[in-house]
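Structure record follows, encoded as structure tokens.
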Amino acid sequence: MAADMDASSVLDVRNLAVSFRTDRGEVPAVHDVSFTVKPGETLALVGESGSGKSVTSLAVMRLTPPAPQASLTGSILFRGRDGQVRDLATLAEHEMQAMRGNEISMIFQEPMTSLNPVHRIGDQIAEAVRYHRKVDRQAALDRAEELLVLVGIPEPRKRLKSYPHHLSGGMRQRVMIAMALACDPSVLIADEPTTALDVTVQAQILELLKELQERTGMAVVFITHNLGVVAEIADRVMVMYAGRIVERGGVVPLLKHPLMPYTHGLLRSVPRLELAAFGQAKLEAIRGNVPDPTRMPQGCSFHPRCDHAELGRCDRTIPILEEAEADHLVRCHRWRAIASVEA
Amino acid sequence: MARFIFGRVVQSLILLCLVSMIGFAVLHLAPGGPLAQFALVPGMSQADIARIAAQMGLDRPLPIQYWEWFTRLLLGDWGNSYRDSQPVLSVIGSRLGATLQLMVTATLIAIVLGVWIGVMGAIRRYSVFDYLGTIGAMIALSIPTFWFGLVMIYIFSVKLGWLPSGNRSTVGDGSFFDYAYHLIAPSIVLALVEVAVWSRYMRSSMLDVINQDFIRTARAKGLPERVVLFHHTMRNALLPMITLAGLELPVLLSGALVTETVFTWPGMGRLFLDSLGYRDYPVVMGILMFSAVLVLVGNLLADCFCAIADPRIRLD
């Protein structure tokens, strides 16, 4: 079953679902998520907090809690360096360990707390090299130094001996990137890597990621809630809401002609300078909040917040993810009606 | 680092002065006194007792007595025991070894067992082992030391005859094994509460660390779980335990006092209780000051070790 993966993709996620066991029963976090990523491509995963984008990425890494606490279904097909296709969803834990940080890596939102405070930077990077490449400590440290050069950290030899608290947030995120790239992964998952950083540093980190991607040809899954960042780096976009994909497509069509009212709302809530100049700087927020996963609304989970919701339809049945145009999927009962009104 | 240590030493000295004042005042305010024993001697008149009091300096106002005792203490003269006129320091010195032997053994048991129970409990949270550890710790913390000691003696010495009921060694047998054999029961009794405390602290410290972002990073690197647990989690979780070791010193000292009494252990704790009964002021004050110094030095050392083990506190 793993063999029928599209030859041009490196990662092919199908019908991924994750739910957590809590005191209040089984809580679903992600439903029926499918996407593919090609080498060299950047897929942006967009959504508010609680939309399931982080859980999706952790599930791909198999970093969600083990079996009784969380359940994971669907398949995560991954083409390894050896050309073999594996389903990460069913891989044994020790086989998964050999993949993590080696062929598929991840960087996280919080560079301040994502590094171990009691170990030296060099050792933390070298560790990833040593466990996957079976080289000795010195060779691993040499590789760590190379990586620090790659991510643009000045005085790399000296920095190997630094502890995380000696470094700024931006520098720590560079170290995290170096660590993730230690074994030349073919997929890098970046979970809001710039959210916790200063704006100027954000731009530098984005620039660095783009440059590294061009150099290595790796695929990047970039998780963010910032549509400005999406426009800058993504080739394709996947918008998530309440654990489901609500719209997916190429970056230009999706940002220029969004079909789903939720994507509209996200775009309208981005501050825009050219409007401010005309005194129209009023920011539009999407009313309401992301629903509580234990009390999901009936029907389309976005309908209580949607201006276009049709009673009797949107609050009854969950819309399917349908192809509106070539490579542009939308999950909405009313996208046709909305599109014709706007046009 | 040097400034930090200097500051802590000054703090400790002030604290020692306070301890000595309060200890001295409380001891002298307690009813009875070293003269009470003479009152029972036949043919002893009030005038005789007053003469003895004057000789011992006990008829003078308390602040003056304190001042005399304190100035001599600073010069290294800790006074002589009222009971046998031996210098206080040599009396303490003759008992120190037994107490340290007991305390060190109990601490080792507590650290090894406590850390192990805590780590296993945290890794297998809500497992049968974890629940047993939690319930066991609660029981261990609620059992009075003296009672547990008596039960140990009753079961293992009286009923089963496996272990000696007291003393540090058999008279005439000074072998290592004889000492170790005598050490088993009292060190287990003294360690019981400590094992409970260590296991609880270690468990919660492990759980604190295991939910940190950098543990997720370690897993994302593809490290085997064993490396994640021991190299990344435990290394961080042990840091607060250094402070705990310092904080537990006073508990250990007071525990030793009870344990030594139950097991007729010839240590400082039993000496303290005996001397208290005799109102042997110099010895009681001597042990009090000595224990205070031990606790303060222990905590100072713990803080220094903390600074060495944790790169974030390392002051350079």
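Identifiers in this document derive from the order of the structure tokens: chains are assigned A, B, ..., residues are numbered from 1 separately in each chain, and ligands are numbered from 1 in order of occurrence.
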Inset, instruction - Could you list the residues in chain A lying within 10 Å of chain B, using only C-alpha atoms, and format the result as a ChimeraX atom specification? - result: /A:58,61-64,93-120,124-125,127-132,162-166,176,179-180,182-183
Legend entry - Between atom CA of Arg248 of chain A and atom CA of Leu329 of chain A - distance in Å to one decimal: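 Those two atoms sit 5.0 Å apart.
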Where does DSSP see strand (DSSP E) in segment 145-220 of chain A, if you list the residues as an mmCIF file with C-alpha atoms, in the first residue's frame?
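Resulting contents of result_20.cif:
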```
data_model
loop_
_atom_site.group_PDB
_atom_site.id
_atom_site.type_symbol
_atom_site.label_atom_id
_atom_site.label_comp_id
_atom_site.auth_asym_id
_atom_site.auth_seq_id
_atom_site.Cartn_x
_atom_site.Cartn_y
_atom_site.Cartn_z
ATOM 1 C CA VAL A 187 11.759 17.407 4.957
ATOM 2 C CA LEU A 188 11.970 20.202 7.508
ATOM 3 C CA ILE A 189 8.915 21.027 9.589
ATOM 4 C CA ALA A 190 9.072 24.541 11.016
ATOM 5 C CA ASP A 191 6.432 25.175 13.668
ATOM 6 C CA ALA A 219 10.910 20.335 1.380
ATOM 7 C CA VAL A 220 9.647 22.689 4.087
#
```
Legend entry - Ser8 of chain A environment, 9 Å, only C-alpha atoms, sequence neighbours closer than 5 positions dropped, as a ChimeraX atom specification: /A:37-39
Inset, instruction - Once DSSP has gone over the backbone, tell me which residues of segment 44-241 of chain B are in alpha helix (DSSP H), as an NGL selection string. - result: :B and (46-56 or 62-74 or 88-123 or 128-142 or 145-152 or 176-210 or 213-220 or 225-227 or 235-237 or 239-241)
Legend entry - Residue with smallest distance to Ile245 of chain A - pool A:Trp335, A:Phe35, A:Phe222, A:Phe78, counting only C-alpha atoms: A:Phe35
Inset, instruction - Find the residues near Ala196 of chain B: any atom within 10 Å, counting only C-alpha atoms, skip ones fewer than 2 places away on the same chain, and give them as a ChimeraX atom specification. - result: /B:110,113-115,117-118,133-141,191-194,198-202
For those residues, write C-alpha atoms to a file as a compact mmCIF listing (two decimals), in the first residue's frame.
```txt
# COMPACT_ATOMS: atom_id res chain seq x y z
CA ALA B 110 17.97 7.82 50.68
CA LEU B 113 16.55 4.58 46.60
CA GLY B 114 14.72 7.91 46.56
CA VAL B 115 16.08 9.01 43.19
CA ILE B 117 11.79 5.48 42.99
CA GLY B 118 11.20 9.08 41.90
CA GLY B 133 5.68 4.73 45.56
CA THR B 134 3.22 7.50 46.39
CA ILE B 135 1.38 5.53 49.06
CA GLY B 136 4.66 4.18 50.46
CA ALA B 137 6.06 7.70 50.75
CA MET B 138 2.95 8.91 52.55
CA ILE B 139 3.19 6.03 55.02
CA ALA B 140 6.92 6.53 55.51
CA LEU B 141 6.38 10.22 56.19
CA ALA B 191 16.75 6.75 55.94
CA LEU B 192 13.04 5.90 55.77
CA VAL B 193 11.71 9.46 55.93
CA GLU B 194 14.52 10.67 53.68
CA TRP B 198 13.75 12.30 48.00
CA SER B 199 11.41 10.15 45.93
CA ARG B 200 8.64 12.77 46.01
CA TYR B 201 10.96 15.64 45.09
CA MET B 202 12.68 13.61 42.39
```
Legend entry - Polymer residues at most 7 Å from segment 286-300 of chain A, only C-alpha atoms, same-chain spacing of 2 or more positions, as a list in words: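 That gives Val27, Pro28, Ala29, Gly50, Ala242, Gly265, Glu284, Phe302, His303, Arg305, Cys314, Asp315, Arg316, Thr317, Ile318 and Pro319 of chain A.
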Could those residues be written to a file, using C-alpha atoms, as a short mmCIF file (atom, residue, chain, number, x, y, z; two decimals), in the first residue's frame?
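In the end it all went to again05.cif:
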```cif
data_model
loop_
_atom_site.label_atom_id
_atom_site.label_comp_id
_atom_site.auth_asym_id
_atom_site.auth_seq_id
_atom_site.Cartn_x
_atom_site.Cartn_y
_atom_site.Cartn_z
CA VAL A 27 -11.10 14.74 22.14
CA PRO A 28 -10.42 14.86 18.41
CA ALA A 29 -7.75 17.40 17.45
CA GLY A 50 -6.14 25.50 18.30
CA ALA A 242 -10.88 23.36 14.10
CA GLY A 265 -11.46 36.73 7.38
CA GLU A 284 -11.29 43.58 10.86
CA PHE A 302 -16.91 27.65 11.26
CA HIS A 303 -20.61 28.46 10.79
CA ARG A 305 -18.56 32.80 13.13
CA CYS A 314 -24.24 24.99 7.30
CA ASP A 315 -25.31 24.08 10.84
CA ARG A 316 -26.39 20.57 9.83
CA THR A 317 -23.87 18.84 7.61
CA ILE A 318 -20.11 19.05 7.48
CA PRO A 319 -19.12 20.26 3.98
#
```
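Residues lying within 8 Å of Arg270 of chain B, counting only C-alpha atoms and ignoring same-chain neighbours fewer than 3 positions away, are Leu257, Val258, Glu260, Thr261, Thr264, Trp265, Pro266, Gly267, Leu273 and Asp274 of chain B.
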Resulting file, chosen residues, C-alpha atoms, as a short mmCIF file (atom, residue, chain, number, x, y, z; two decimals), in the first residue's frame:
```cif
data_model
loop_
_atom_site.label_atom_id
_atom_site.label_comp_id
_atom_site.auth_asym_id
_atom_site.auth_seq_id
_atom_site.Cartn_x
_atom_site.Cartn_y
_atom_site.Cartn_z
CA LEU B 257 18.91 12.10 67.67
CA VAL B 258 15.87 9.82 67.90
CA GLU B 260 20.56 6.95 68.17
CA THR B 261 18.48 6.90 71.32
CA THR B 264 21.72 3.02 71.89
CA TRP B 265 24.02 4.35 69.20
CA PRO B 266 27.01 6.13 70.77
CA GLY B 267 26.62 9.27 68.67
CA LEU B 273 19.72 14.02 74.99
CA ASP B 274 21.79 12.70 77.93
#
```
Legend entry - Residue among B:Leu238, B:Ile92, B:Gly7, B:Pro61 lying closest to Trp78 of chain B, counting only C-alpha atoms: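 Among the listed residues, the smallest separation from Trp78 of chain B belongs to B:Ile92.
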Inset, instruction - Quick one: everything within 12 Å of Ile52 of chain B, counting only C-alpha atoms, minus sequence neighbours fewer than 3 positions away in the same chain. Send it as a list in words. - result: Pro34, Leu35, Ala36, Gln37, Phe38, Ala39, Met44, Ser45, Gln46, Ala47, Asp48, Ile49, Gln55, Met56, Gly57, Leu58, Asp59 and Tyr82 of chain B
Inset, instruction - Could you check how far atom CA of Ala144 of chain A sits from atom CA of Glu41 of chain A, in Å to one decimal? - result: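 For atom CA of Ala144 of chain A relative to atom CA of Glu41 of chain A, the distance reads 25.8 Å.
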Inset, instruction - For atom CA of Phe272 of chain B and atom CA of Arg83 of chain B, determine how far apart the two atoms are, in Å to one decimal place. - result: 12.9 Å
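In this comparison, which uses only C-alpha atoms, the residue of A:Leu259, A:Leu181, A:Leu43, A:Ala70 approaching Leu321 of chain A most closely is A:Leu259.
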Legend entry - Counting only C-alpha atoms, the option among A:Arg86, A:Arg215, A:Arg244, A:Arg14 closest to Val330 of chain A: A:Arg244
